[in-house]
Amino acid sequence: MKKINQKKNNLLKRLFIKICRFFNYEIIDQSNLNLPVSSLNFKDNLSKIGENSLVLPMGKIQIKRPVKSLHIILRTCASVTMLTQSKNRIFNEPKYNYTLKTLNSLINSINYNKNLFKHIKLKLTIIDHD
């Protein structure tokens with residue numbers, strides 16, 4: 001069996017990592033799920049709130065304009081069913097139950113992330129059409 005020269009592979013790997021750092025790309029070492037360019041592990045938080053966002057196919061994106069406020073608009077129409085709808089809903093419940101579950105989930109998400117996004121002003125607007 002042919003032995004692979006580890007020094008040559010290691011040199012190529014280090015060179016490739018330096019090239020990725022120069023062009024601001026991120027790669028994943030699939031053998032141990034490390035991100036060698038930024039020296040992170042897949043379990044670590046890959047983004048820094050207000051500074052940069054790390055998206056694996058695109059690399060690191062610097063945030064130039066921090067988010068100061070977020071306005072969430074939930075538009076519903078709980079009382080009307082679609083005339084052209086021929087299928088039943090997944091759980092066979094009335095439409096307003098789905099609307100309440102959506103609103104509950106949205107509120108839970110906002111409350112869960114309240115400490116994480118302390119400096120962002122949140123505004124929730126609910127519009128229900130009759």
# chains A, B, ... in the order shown; residues from 1 in each chain; ligands from 1
$ residues_around --residues "segment 123-129 of chain A" --least-positions-apart "5" --cutoff "7 Å" --atoms "only C-alpha atoms" --output "list in words"
Leu70, His71, Ile72, Ile73, Leu74, Arg75, Thr76, Cys77 and Ala78 of chain A
$ write_last_selection --atoms "C-alpha atoms" --output "short mmCIF file (atom, residue, chain, number, x, y, z; two decimals), in the first residue's frame"
data_model
loop_
_atom_site.label_atom_id
_atom_site.label_comp_id
_atom_site.auth_asym_id
_atom_site.auth_seq_id
_atom_site.Cartn_x
_atom_site.Cartn_y
_atom_site.Cartn_z
CA LEU A 70 -37.44 45.49 13.69
CA HIS A 71 -41.07 45.83 12.71
CA ILE A 72 -42.86 42.48 12.37
CA ILE A 73 -46.20 42.55 10.56
CA LEU A 74 -48.47 39.50 10.82
CA ARG A 75 -51.29 39.66 8.31
CA THR A 76 -54.07 37.16 8.85
CA CYS A 77 -57.57 36.47 7.64
CA ALA A 78 -58.88 34.08 10.26
#
$ closest_residue --among "A:Ser38, A:Asn97, A:Asn108, A:Ser47" --to "Phe22 of chain A" --atoms "only C-alpha atoms"
A:Ser38
$ residues_around --residues "Ile120 of chain A" --least-positions-apart "5" --cutoff "12 Å" --atoms "only C-alpha atoms" --output "list in words"
Ile49, Gly50, Pro66, Val67, Lys68, Ser69, Leu70, His71, Ile110, Asn113, Lys114 and Asn115 of chain A
$ write_last_selection --atoms "C-alpha atoms" --output "PDB file, in the first residue's frame"
ATOM      1  CA  ILE A  49     -24.300  39.987  16.588  1.00  0.00           C
ATOM      2  CA  GLY A  50     -23.841  43.466  15.137  1.00  0.00           C
ATOM      3  CA  PRO A  66     -26.382  47.546  12.519  1.00  0.00           C
ATOM      4  CA  VAL A  67     -30.074  46.840  12.965  1.00  0.00           C
ATOM      5  CA  LYS A  68     -31.674  49.323  15.354  1.00  0.00           C
ATOM      6  CA  SER A  69     -35.308  48.291  15.086  1.00  0.00           C
ATOM      7  CA  LEU A  70     -37.438  45.487  13.690  1.00  0.00           C
ATOM      8  CA  HIS A  71     -41.071  45.827  12.708  1.00  0.00           C
ATOM      9  CA  ILE A 110     -39.525  37.228  20.470  1.00  0.00           C
ATOM     10  CA  ASN A 113     -34.444  36.199  21.919  1.00  0.00           C
ATOM     11  CA  LYS A 114     -35.161  39.281  24.043  1.00  0.00           C
ATOM     12  CA  ASN A 115     -31.856  39.030  25.938  1.00  0.00           C
TER      13      ASN A 115
END
$ select_by_dssp --residues "segment 3-54 of chain A" --states "strand (DSSP E)" --output "PDB file with C-alpha atoms, in the first residue's frame"
ATOM      1  CA  ASN A  34     -13.918  22.351  12.232  1.00  0.00           C
ATOM      2  CA  LEU A  35     -13.811  25.660  10.427  1.00  0.00           C
ATOM      3  CA  LEU A  40     -14.143  27.648  15.129  1.00  0.00           C
ATOM      4  CA  ASN A  41     -16.010  24.411  15.704  1.00  0.00           C
ATOM      5  CA  ASN A  52     -20.415  39.913  11.182  1.00  0.00           C
ATOM      6  CA  SER A  53     -22.476  37.047   9.891  1.00  0.00           C
ATOM      7  CA  LEU A  54     -20.940  33.762   8.798  1.00  0.00           C
TER       8      LEU A  54
END
